[in-house]
Each structure stands twice: as C-alpha cells, then as structure tokens.
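*Asks:* Hey, dropping start_32.cif in here, mmCIF, C-alpha atoms and all ligand atoms:
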data_model
loop_
_atom_site.label_atom_id
_atom_site.label_comp_id
_atom_site.auth_asym_id
_atom_site.auth_seq_id
_atom_site.Cartn_x
_atom_site.Cartn_y
_atom_site.Cartn_z
CA MET A 1 -112.35 -145.61 115.72
CA SER A 2 -115.03 -144.15 113.50
CA ILE A 3 -114.64 -145.13 109.87
CA LEU A 4 -117.84 -143.61 108.59
CA SER A 5 -117.12 -139.94 109.38
CA ASN A 6 -119.67 -138.48 111.74
CA SER A 7 -122.84 -139.80 110.21
CA GLN A 8 -124.52 -142.75 111.84
CA ILE A 9 -126.01 -145.36 109.55
CA GLN A 10 -129.06 -147.49 110.09
CA VAL A 11 -128.51 -151.18 109.41
CA GLN A 12 -131.70 -152.80 108.23
CA VAL A 13 -132.77 -156.27 107.11
CA VAL A 14 -134.27 -156.07 103.66
CA LYS A 15 -135.73 -158.76 101.47
CA VAL A 16 -133.92 -159.57 98.24
CA PRO A 17 -136.17 -160.67 95.37
CA PRO A 18 -135.21 -164.25 94.55
CA THR A 19 -133.69 -164.97 91.18
CA PRO A 20 -135.50 -167.79 89.33
CA LYS A 21 -132.79 -170.28 90.34
CA GLN A 22 -133.21 -169.40 94.00
CA LYS A 23 -137.00 -169.51 93.94
CA GLN A 24 -137.28 -171.81 96.93
CA ARG A 25 -134.82 -169.88 99.05
CA LYS A 26 -135.74 -167.06 101.38
CA THR A 27 -132.76 -164.82 100.80
CA LEU A 28 -132.41 -161.74 102.89
CA THR A 29 -129.79 -159.07 102.76
CA PHE A 30 -128.48 -157.00 105.58
CA SER A 31 -127.60 -153.69 104.03
CA SER A 32 -127.09 -150.07 104.81
CA SER A 33 -127.90 -147.18 102.51
CA SER A 34 -124.85 -145.10 103.28
CA SER A 35 -122.07 -147.64 103.07
CA GLN A 36 -120.96 -150.50 100.85
CA THR A 37 -121.36 -153.01 103.65
CA GLN A 38 -123.64 -155.78 102.56
CA ILE A 39 -123.89 -159.34 103.79
CA THR A 40 -126.46 -161.74 102.40
CA TYR A 41 -128.14 -164.26 104.64
CA GLN A 42 -130.33 -167.13 103.76
CA ASN A 43 -133.22 -168.68 105.66
CA VAL A 44 -133.15 -165.86 108.15
CA ASP A 45 -136.05 -166.06 110.52
CA ALA A 46 -139.04 -164.09 109.27
CA SER A 47 -139.38 -162.36 112.63
CA ILE A 48 -136.38 -160.09 111.97
CA ARG A 49 -137.29 -159.18 108.39
CA GLY A 50 -137.52 -155.43 107.95
CA GLN A 51 -136.20 -154.82 111.44
CA VAL A 52 -133.86 -151.87 111.91
CA LEU A 53 -130.78 -153.34 113.54
CA GLY A 54 -128.67 -150.18 113.82
CA PRO A 55 -127.58 -147.60 114.63
CA ALA A 56 -123.92 -148.17 113.85
CA ASN A 57 -121.11 -145.71 113.36
CA THR A 58 -118.00 -147.86 113.31
CA LEU A 59 -117.10 -151.01 111.46
CA ALA A 60 -117.10 -152.81 114.82
CA ASP A 61 -120.68 -151.59 115.39
CA ILE A 62 -121.72 -152.95 112.03
CA HIS A 63 -120.13 -156.32 112.82
CA LYS A 64 -121.89 -156.27 116.17
CA VAL A 65 -125.35 -155.69 114.68
CA PHE A 66 -124.70 -158.33 112.02
CA ASP A 67 -123.51 -160.75 114.69
CA ASP A 68 -126.58 -160.04 116.82
CA ALA A 69 -128.80 -160.64 113.79
CA LYS A 70 -126.92 -163.88 112.99
CA VAL A 71 -127.39 -165.10 116.56
CA GLU A 72 -131.09 -164.24 116.36
CA ALA A 73 -131.35 -166.15 113.07
CA GLY A 74 -129.59 -169.20 114.57
CA LEU A 75 -126.41 -168.70 112.53
CA PRO A 76 -122.87 -169.06 113.86
CA THR A 77 -120.66 -165.99 114.34
CA ASN A 78 -117.25 -167.65 114.75
CA THR A 79 -115.43 -170.85 113.84
CA LEU A 80 -113.24 -173.24 115.81
CA VAL A 81 -111.06 -175.56 113.69
CA ILE A 82 -109.44 -178.51 115.48
CA GLY A 83 -106.87 -180.82 113.86
CA GLY A 84 -105.09 -183.69 115.61
CA THR A 85 -107.88 -184.71 117.98
CA HIS A 86 -106.35 -188.04 117.00
CA GLY A 87 -102.59 -187.45 117.11
CA ASP A 88 -101.67 -189.65 114.14
CA GLU A 89 -104.13 -188.18 111.63
CA MET A 90 -101.62 -185.99 109.81
CA PRO A 91 -103.63 -184.03 107.20
CA GLY A 92 -105.74 -182.29 109.87
CA ILE A 93 -102.60 -181.45 111.83
CA ARG A 94 -100.98 -179.97 108.70
CA VAL A 95 -104.08 -177.86 107.97
CA VAL A 96 -104.10 -176.45 111.51
CA GLU A 97 -100.34 -175.75 111.39
CA LYS A 98 -100.90 -173.86 108.13
CA LEU A 99 -103.82 -171.88 109.56
CA LEU A 100 -101.77 -170.98 112.65
CA THR A 101 -98.83 -169.64 110.63
CA ASN A 102 -100.72 -168.27 107.63
CA PRO A 103 -104.35 -167.52 108.47
CA THR A 104 -106.86 -166.64 105.75
CA PRO A 105 -108.40 -163.21 106.42
CA ARG A 106 -112.04 -163.51 107.49
CA CYS A 107 -114.59 -161.05 108.90
CA SER A 108 -115.66 -163.40 111.68
CA PRO A 109 -113.15 -164.88 114.13
CA VAL A 110 -111.53 -168.23 113.30
CA TYR A 111 -109.99 -170.03 116.28
CA VAL A 112 -107.52 -172.80 115.52
CA GLU A 113 -106.36 -175.57 117.86
CA LEU A 114 -104.03 -178.54 117.70
CA GLY A 115 -106.06 -181.25 119.44
CA ASN A 116 -104.24 -183.91 121.44
CA LYS A 117 -100.82 -182.24 121.58
CA THR A 118 -98.99 -185.01 123.49
CA ALA A 119 -100.34 -187.66 121.12
CA ILE A 120 -99.37 -185.50 118.11
CA ALA A 121 -95.79 -185.26 119.44
CA MET A 122 -95.75 -189.06 119.75
CA ASN A 123 -97.47 -189.61 116.37
CA LYS A 124 -100.06 -191.77 118.16
CA ARG A 125 -103.87 -191.71 118.14
CA PHE A 126 -103.88 -190.93 121.89
CA THR A 127 -101.66 -191.51 124.91
CA ASP A 128 -103.98 -193.40 127.31
CA LYS A 129 -107.53 -192.55 126.30
CA ASP A 130 -109.13 -191.50 122.98
CA MET A 131 -109.62 -187.72 123.39
CA ASN A 132 -112.72 -187.90 121.21
CA ARG A 133 -114.36 -190.22 123.75
CA ILE A 134 -113.96 -187.96 126.79
CA SER A 135 -117.07 -186.22 128.10
CA LYS A 136 -116.92 -182.97 130.05
CA SER A 137 -117.33 -184.78 133.38
CA ASP A 138 -114.74 -187.43 132.42
CA ALA A 139 -112.30 -184.60 131.63
CA GLN A 140 -112.61 -183.21 135.17
CA SER A 141 -110.48 -185.99 136.66
CA SER A 142 -107.51 -185.12 134.40
CA SER A 143 -106.06 -188.50 135.34
CA THR A 144 -104.56 -188.95 131.87
CA LEU A 145 -102.78 -186.46 129.57
CA ASP A 146 -105.65 -186.90 127.10
CA GLU A 147 -108.23 -185.92 129.75
CA LYS A 148 -106.08 -182.98 130.81
CA ARG A 149 -106.00 -181.64 127.23
CA ALA A 150 -109.76 -182.24 126.77
CA LYS A 151 -110.37 -180.26 129.98
CA GLU A 152 -108.21 -177.39 128.70
CA LEU A 153 -110.20 -177.25 125.46
CA TYR A 154 -113.57 -177.47 127.26
CA GLU A 155 -112.56 -174.60 129.56
CA LYS A 156 -111.27 -172.46 126.71
CA TYR A 157 -114.29 -173.09 124.47
CA GLU A 158 -117.29 -173.18 126.77
CA TYR A 159 -120.50 -174.32 125.09
CA SER A 160 -121.81 -171.66 122.70
CA PRO A 161 -124.43 -172.17 119.96
CA SER A 162 -122.83 -169.24 118.09
CA ARG A 163 -119.70 -171.30 117.49
CA MET A 164 -119.17 -173.46 114.41
CA VAL A 165 -116.83 -176.33 115.30
CA VAL A 166 -114.94 -178.24 112.60
CA ASP A 167 -112.95 -181.29 113.71
CA LEU A 168 -110.54 -182.73 111.13
CA HIS A 169 -110.04 -186.50 110.92
CA THR A 170 -108.81 -189.19 108.57
CA THR A 171 -109.59 -192.89 108.37
CA THR A 172 -107.79 -195.85 106.78
CA SER A 173 -111.17 -196.95 105.36
CA ASN A 174 -112.40 -195.96 101.90
CA ALA A 175 -114.58 -193.13 103.25
CA GLY A 176 -113.87 -190.65 100.45
CA VAL A 177 -115.19 -187.32 101.73
CA MET A 178 -117.37 -188.04 104.75
CA LEU A 179 -118.90 -185.37 106.96
CA ILE A 180 -119.99 -186.46 110.42
CA ALA A 181 -123.14 -184.73 111.65
CA ILE A 182 -123.85 -186.02 115.14
CA GLU A 183 -127.58 -185.85 115.66
CA ASP A 184 -128.38 -183.20 118.26
CA SER A 185 -130.33 -179.93 118.44
CA GLY A 186 -128.18 -178.39 115.67
CA PHE A 187 -128.70 -181.28 113.26
CA LYS A 188 -130.76 -179.40 110.68
CA HIS A 189 -128.22 -176.56 110.50
CA ASN A 190 -125.33 -179.02 110.24
CA ILE A 191 -126.98 -181.04 107.47
CA ASN A 192 -127.70 -177.82 105.58
CA LEU A 193 -124.01 -176.95 105.85
CA ALA A 194 -123.07 -180.46 104.65
CA LYS A 195 -125.28 -179.90 101.58
CA HIS A 196 -123.56 -176.57 101.02
CA ILE A 197 -120.11 -178.21 101.21
CA ASN A 198 -121.34 -180.90 98.81
CA ALA A 199 -122.50 -178.23 96.35
CA CYS A 200 -119.26 -176.20 96.64
CA LEU A 201 -116.74 -179.05 96.56
CA ASN A 202 -117.69 -180.86 93.38
CA ILE A 203 -116.63 -184.16 94.99
CA GLU A 204 -119.16 -186.73 96.18
CA VAL A 205 -119.85 -186.12 99.86
CA ASN A 206 -121.54 -188.58 102.23
CA VAL A 207 -122.83 -187.88 105.72
CA PHE A 208 -122.38 -190.21 108.69
CA SER A 209 -124.86 -189.40 111.39
CA PRO A 210 -124.52 -191.07 114.78
CA LYS A 211 -126.97 -190.28 117.57
CA ILE A 212 -126.03 -189.34 121.11
CA PRO A 213 -127.79 -191.97 123.27
CA GLU A 214 -130.69 -190.36 125.09
CA GLY A 215 -129.94 -189.09 128.57
CA THR A 216 -126.19 -189.45 128.14
CA GLU A 217 -123.51 -186.80 128.04
CA PRO A 218 -121.77 -186.49 124.65
CA LYS A 219 -118.35 -188.13 124.63
CA ASN A 220 -117.14 -186.42 121.47
CA LEU A 221 -115.45 -183.03 121.76
CA MET A 222 -117.65 -181.07 119.34
CA PRO A 223 -121.16 -181.40 120.82
CA ASN A 224 -119.74 -180.28 124.17
CA MET A 225 -118.67 -176.98 122.59
CA SER A 226 -121.67 -176.13 120.39
CA ASN A 227 -124.65 -177.66 118.63
CA LYS A 228 -123.16 -176.43 115.34
CA HIS A 229 -120.47 -178.84 114.30
CA LEU A 230 -119.19 -181.07 111.55
CA ALA A 231 -116.34 -183.53 111.63
CA VAL A 232 -114.48 -184.03 108.39
CA GLU A 233 -113.41 -187.64 107.83
CA LEU A 234 -111.28 -188.33 104.76
CA GLY A 235 -110.03 -191.72 103.62
CA PRO A 236 -108.26 -193.86 102.85
CA VAL A 237 -105.33 -192.19 104.58
CA MET A 238 -102.78 -194.22 106.54
CA HIS A 239 -102.39 -193.17 110.16
CA GLY A 240 -99.10 -191.44 110.95
CA GLN A 241 -98.52 -190.44 107.34
CA ASP A 242 -98.86 -187.20 105.43
CA ASP A 243 -101.29 -186.99 102.54
CA ALA A 244 -101.16 -183.74 100.56
CA VAL A 245 -104.33 -184.45 98.58
CA ALA A 246 -106.34 -185.08 101.75
CA ALA A 247 -104.85 -181.96 103.38
CA ASN A 248 -105.84 -179.86 100.36
CA THR A 249 -109.40 -181.17 100.42
CA MET A 250 -109.58 -180.45 104.14
CA MET A 251 -108.33 -176.91 103.62
CA ASP A 252 -110.97 -176.43 100.91
CA ILE A 253 -113.67 -177.57 103.34
CA VAL A 254 -112.35 -175.30 106.11
CA ASN A 255 -112.42 -172.37 103.68
CA ILE A 256 -115.99 -173.19 102.60
CA VAL A 257 -117.08 -173.30 106.26
CA THR A 258 -115.35 -170.08 107.34
CA GLU A 259 -116.71 -168.26 104.26
CA TYR A 260 -120.17 -169.50 105.21
CA VAL A 261 -119.75 -168.26 108.79
CA ASP A 262 -118.85 -164.85 107.35
CA SER A 263 -121.74 -164.65 104.93
CA GLY A 264 -124.48 -166.88 106.31
CA VAL A 265 -125.17 -168.00 102.73
CA LEU A 266 -125.86 -171.66 102.00
CA ILE A 267 -126.39 -173.17 98.56
CA GLY A 268 -127.38 -176.63 97.34
CA GLN A 269 -130.23 -176.95 99.84
CA ASP A 270 -132.60 -178.60 97.35
CA THR A 271 -130.25 -181.53 96.68
CA PRO A 272 -130.62 -184.38 99.19
CA ILE A 273 -127.39 -185.72 100.68
CA PRO A 274 -126.94 -189.45 101.38
CA THR A 275 -126.86 -189.89 105.15
CA TYR A 276 -125.70 -193.08 106.88
CA VAL A 277 -127.12 -193.75 110.34
CA PRO A 278 -125.22 -196.37 112.38
CA LYS A 279 -127.30 -199.26 113.74
CA GLY A 280 -124.62 -201.75 114.84
CA VAL A 281 -121.22 -203.22 114.06
CA ILE A 282 -119.65 -206.38 112.70
CA GLU A 283 -117.18 -207.53 115.30
CA LEU A 284 -113.73 -208.77 114.29
CA PRO A 285 -112.91 -211.99 116.15
CA GLU A 286 -109.30 -212.54 117.29
CA GLY A 287 -107.26 -214.06 114.46
CA TYR A 288 -109.62 -212.78 111.76
CA GLU A 289 -109.17 -209.94 109.28
CA VAL A 290 -111.51 -208.09 106.95
CA ALA A 291 -111.80 -210.15 103.73
CA PRO A 292 -109.85 -208.50 100.86
CA ASP A 293 -112.87 -208.25 98.52
CA PHE A 294 -114.96 -206.60 101.25
CA MET A 295 -112.31 -203.92 101.87
CA GLY A 296 -113.07 -200.63 100.15
CA THR A 297 -116.77 -201.33 99.59
CA ASP A 298 -117.87 -198.65 102.07
CA TYR A 299 -121.42 -197.25 101.59
CA LYS A 300 -122.39 -200.06 99.20
CA GLU A 301 -125.43 -202.20 99.98
CA LEU A 302 -124.30 -205.29 101.92
CA SER A 303 -125.44 -208.64 100.50
CA HIS A 304 -126.09 -211.55 102.89
CA ASP A 305 -123.60 -213.81 101.07
CA THR A 306 -120.72 -211.28 100.90
CA VAL A 307 -117.59 -212.74 102.46
CA VAL A 308 -116.77 -210.25 105.21
CA LEU A 309 -114.14 -211.93 107.40
CA THR A 310 -111.31 -214.41 106.91
CA ASN A 311 -108.61 -216.01 109.01
CA GLY A 312 -106.69 -217.27 105.99
CA THR A 313 -108.33 -220.68 105.91
CA LYS A 314 -111.92 -220.06 106.97
CA THR A 315 -114.26 -217.29 105.77
CA ILE A 316 -117.39 -215.80 107.33
CA ALA A 317 -120.24 -214.37 105.23
CA ALA A 318 -122.36 -211.38 106.25
CA LYS A 319 -125.36 -213.53 107.21
CA ASP A 320 -123.17 -215.33 109.78
CA CYS A 321 -121.67 -212.24 111.46
CA VAL A 322 -124.26 -209.46 111.22
CA PRO A 323 -125.92 -209.10 114.66
CA GLU A 324 -129.25 -210.87 115.10
CA ALA A 325 -131.16 -207.59 115.50
CA LEU A 326 -130.02 -206.45 112.03
CA GLN A 327 -130.58 -209.72 110.13
CA GLU A 328 -133.94 -208.61 108.74
CA LYS A 329 -132.42 -205.38 107.39
CA LEU A 330 -129.56 -207.43 105.90
CA MET A 331 -132.01 -209.69 104.07
CA LEU A 332 -133.92 -206.64 102.80
CA GLY A 333 -130.66 -205.14 101.47
CA GLN A 334 -130.92 -202.16 103.81
CA LEU A 335 -127.49 -202.34 105.45
CA HIS A 336 -124.55 -200.24 104.27
CA PRO A 337 -121.14 -200.82 105.92
CA VAL A 338 -118.81 -197.87 106.57
CA PHE A 339 -115.35 -197.54 108.19
CA ILE A 340 -114.54 -200.98 106.75
CA GLY A 341 -111.20 -202.15 108.14
CA GLU A 342 -110.44 -198.88 110.00
CA ALA A 343 -107.05 -199.60 111.58
CA ALA A 344 -107.88 -197.99 114.95
CA TYR A 345 -110.86 -200.35 115.43
CA LYS A 346 -108.47 -203.28 115.81
CA ASN A 347 -107.24 -201.83 119.10
CA GLU A 348 -110.72 -201.22 120.50
CA THR A 349 -112.78 -203.59 122.62
CA PRO A 350 -114.58 -205.26 120.97
CA ARG A 351 -112.53 -205.19 117.78
CA LYS A 352 -114.66 -204.03 114.86
CA ALA A 353 -114.59 -204.91 111.15
CA CYS A 354 -117.01 -202.11 110.18
CA ILE A 355 -120.03 -200.09 111.25
CA LEU A 356 -123.42 -201.08 109.79
CA CYS A 357 -125.69 -198.24 108.74
CA VAL A 358 -129.05 -197.63 107.16
CA LYS A 359 -129.13 -195.06 104.41
CA GLU A 360 -131.41 -192.04 104.52
CA ASP A 361 -131.63 -188.93 102.43
CA SER A 362 -131.39 -185.73 104.44
ZN ZN A 401 -109.92 -189.39 113.96
#
With the file now loaded, output its structure as structure tokens.

*Replies:*
Amino acid sequence: MSILSNSQIQVQVVKVPPTPKQKQRKTLTFSSSSSQTQITYQNVDASIRGQVLGPANTLADIHKVFDDAKVEAGLPTNTLVIGGTHGDEMPGIRVVEKLLTNPTPRCSPVYVELGNKTAIAMNKRFTDKDMNRISKSDAQSSSTLDEKRAKELYEKYEYSPSRMVVDLHTTTSNAGVMLIAIEDSGFKHNINLAKHINACLNIEVNVFSPKIPEGTEPKNLMPNMSNKHLAVELGPVMHGQDDAVAANTMMDIVNIVTEYVDSGVLIGQDTPIPTYVPKGVIELPEGYEVAPDFMGTDYKELSHDTVVLTNGTKTIAAKDCVPEALQEKLMLGQLHPVFIGEAAYKNETPRKACILCVKEDS
C-alpha cells in the first residue's frame, strides 16, 4: 500500500552537525525531504555518508532502506528477547509473559520466547541439562528435553548478525544490575550498548565479560544466534520466586534495547563501564559454605586474608583457596569475586563459591 501518494521520495544519509555535548560523536541522520520520517543513527560507517538509499514509495520501502543502511552500518534490525532460559528465574519469565500478551509497539520486529519451557513448568533451572550450556552440535542429539528445546530455538533463530539477542537471568548473588557481554566479534557493539543502558538506567551497571575458549563452539544460547547479544543478570533474587522490582528493571532494560534497535542511537559512550573478566573460581569443598561476611561483597577487591569459606568450625582465607595461578593477582589486590554464593553453583561439578575476575574499564 502506498502511503505517500504517487510521489517517490529519495532517502538519503545526511550529516547532522554535532551539538557541543555530542562533540565526540559522529551522528548521522537518515532523512527524506518529502516526509516526516527521520531516524538518527550514531557511529554510522563513513562509507555510507551522503549516499542516496532510496527510492521509496511506501512505508515498508522506507523501513527496508533504513534496515539495509543499518545492516551496512553494523547495527541490528530486530530483537529477540528470551526469558526462562533457566526455568526458575521468575522475573525474566514474567517479562516475557508480559511482552507476549501486551507488546510495546516498535518499528523494528521484537521476537519474544519463553526459554526452557519444560523447566519453567517444573519451576526448575533445567530438567536434565543446563540449556545455557548446550552448543548447536550438542542440541542435535535432542537426547534430553533441554537439548530438544535448544534445537528448536537454534532452528527458529538461525545465526544472524542483524539480530539483537537479550537473555534475561537472575542470580542469588549480590550482582545488582549486571550485563553479560560474552567476548566475541560483536564485543565492541555490545559494550557500547551496555554503556548506553548504563547511561539510560540511572542505576550502577557492571559488565561481566567471559571469553569463548579459542577454537570451541559457544555453549551459551546467544552467541549461536548472533554476535550482538547481552544477557541481563539481576541479583540477589531467590530462584523460583517472583521479584517485582527485578522484573521492572528488566522491562526497563528491554525497552531501552528495543528503542535502540529502532533508532540506532547510543548515548553515554564517553563514560567507561567497569568490566569484570573471569580468570578462575574458588571451589566450594563438600561440607563448606561461603562465609557470611564474604557473602554480598561481589565486585569488591578481594584481600588475601578475607575469610571466604567455613564449615562451622573451621574457616579458610582467600590465600588458602584461591588457585595457585591467581595467587600473584590476589597479593596485588587485582582479584574481584562475582556470583558469590550463587545457589545453582552448589549443584555443579566442581561446586563453586564464586568466580574470580580482574577488573578492566571498557
Ligand atoms: Zn540464569
């Protein structure tokens, strides 16, 4: 259907003069002279500046040329929101349920999925195998319900760099608002989006940034679907329980991301964001628990004499349980524990008390 009468319009990339506050940002605007349609993009590749992207004579045409320009500029054109990848992390499930019944209108498509449906029905993290540890090849066997569901999702959402994937999680640890940016080819984009969320949210945001071991297939869902992805990890939230505050924060983040996918605009790029890169773990021996005073001290610099573990009668200090390879960093005060006391880690092999990170600014 033509919405612009009979006249075709030319869609062209034009440069917008930066305001003083935006001095460092290369802001470009896609605009057309004969309609009100205007979308502003930031950091658009210089190669498409001034290029005529039209012609377009329907709204769909305009979306198409904008989408093509977004793809060319390395920006996403659609969003996939997943909640319940872990079936007992309620806030993400609530957000997805809300988006399914009452979607927010957006220009660009927003796909919404309940993750591990069987586990959600059972209010369990997973049935047999953690769905966020199933690679594409592992999923092929479909020998467990979790693998079967992972396979379904991988088939439905084949890898596309134009997709922005948001995976909603909670942790029992004192994570606050953590964004997980797995280091892959989309890392720079994903960190820029994390900075944008940080600037929009007005709550302190930290980034956790694990690497995919070289030459291995990613075992997390997101990097198998796109290189543009962020996991949202909010805590402390008890597994299996609702948390309205966490759900609201998650919904805010989802809205910030889907608005960004519509507009391509990112702010807050000049403010570094604290980024925690995992280097090892403190294991939790059988019979031991995380020491009460250590609980909740996520992100803080770990001191060598901090009591980390206790079995009720005996205690173990950091210097006696941090792995040998990280002792030097411990002594230099360069280790920062995260996911301290995460309940799900007690059922993993080996059991973990926390993950040890070094802190970088991205
Ligand atoms: Zn989770």

*Asks:* Closest to Ser108 in chain A among A:Glu259, A:Glu348, A:Glu324, A:Asp252, using all atoms listed in the file?

*Replies:*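 Under the stated criterion, the closest residue is A:Glu259.
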
*Asks:* As a PyMOL selection string, please: the residues near Ala325 in chain A (cut-off 12 Å, all atoms listed in the file, same-chain neighbours under 2 positions excluded).

*Replies:* chain A and resi 279-282+319+321-323+327-331+335+356

*Asks:* Identify, counting only C-alpha atoms and all ligand atoms, the protein, DNA and RNA residues located within 10 Å of ligand ZN 401 (chain A), and give them as a list of chain:residue names.

*Replies:*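 The residues near ligand ZN 401 (chain A) are A:Gly83, A:Gly84, A:Thr85, A:His86, A:Gly87, A:Asp88, A:Glu89, A:Met90, A:Gly92, A:Arg125, A:Asp130, A:Met131, A:Asn132, A:Asp167, A:Leu168, A:His169, A:Thr170, A:Thr171, A:Thr172, A:Ala231, A:Val232, A:Glu233, A:Leu234, A:His239, A:Ala344.
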
*Asks:* Restricting the calculation to all atoms listed in the file, which member of A:Lys148, A:His336, A:Lys346, A:His304 is positioned closest to Glu360 in chain A?

*Replies:*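 Going through A:Lys148, A:His336, A:Lys346, A:His304 one by one, the smallest distance to Glu360 in chain A is for A:His336.
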
*Asks:* I'd like the interatomic distance between CA of Thr310 in chain A and CA of Met238 in chain A, to a tenth of an Å.

*Replies:*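 It comes out at 21.9 Å.
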
*Asks:* Just the number, please: distance in Å from CA of Ile267 in chain A to CA of His196 in chain A, one decimal.

*Replies:*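 Interatomic distance here is 5.1 Å.
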
*Asks:* Which is closer to Ile180 in chain A than all the others in A:Val96, A:Val237, A:Val277, A:Met225, using only C-alpha atoms?

*Replies:*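 Selected residue with least distance to Ile180 in chain A: A:Val277.
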
*Asks:* Please provide the set of residues having any atom within 9 Å of Gly296 in chain A, restricted to only C-alpha atoms, with same-chain residues fewer than 4 positions apart removed, written as a ChimeraX atom specification.

*Replies:* /A:173-175,236,292,339-341

*Asks:* Please indicate the distance in Å from CA of Lys219 in chain A to CA of Lys136 in chain A, rounded to one decimal place.

*Replies:*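 Interatomic distance, CA of Lys219 in chain A to CA of Lys136 in chain A: 7.6 Å.
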
*Asks:* Could you name the residues that touch Glu183 in chain A at 12 Å or less, counting only C-alpha atoms, but leaving out those on the same chain fewer than 3 positions away, as an MDAnalysis selection string?

*Replies:* chainID A and resid 180 186:191 207:214 218 220 222:223 227:230 275:278 362
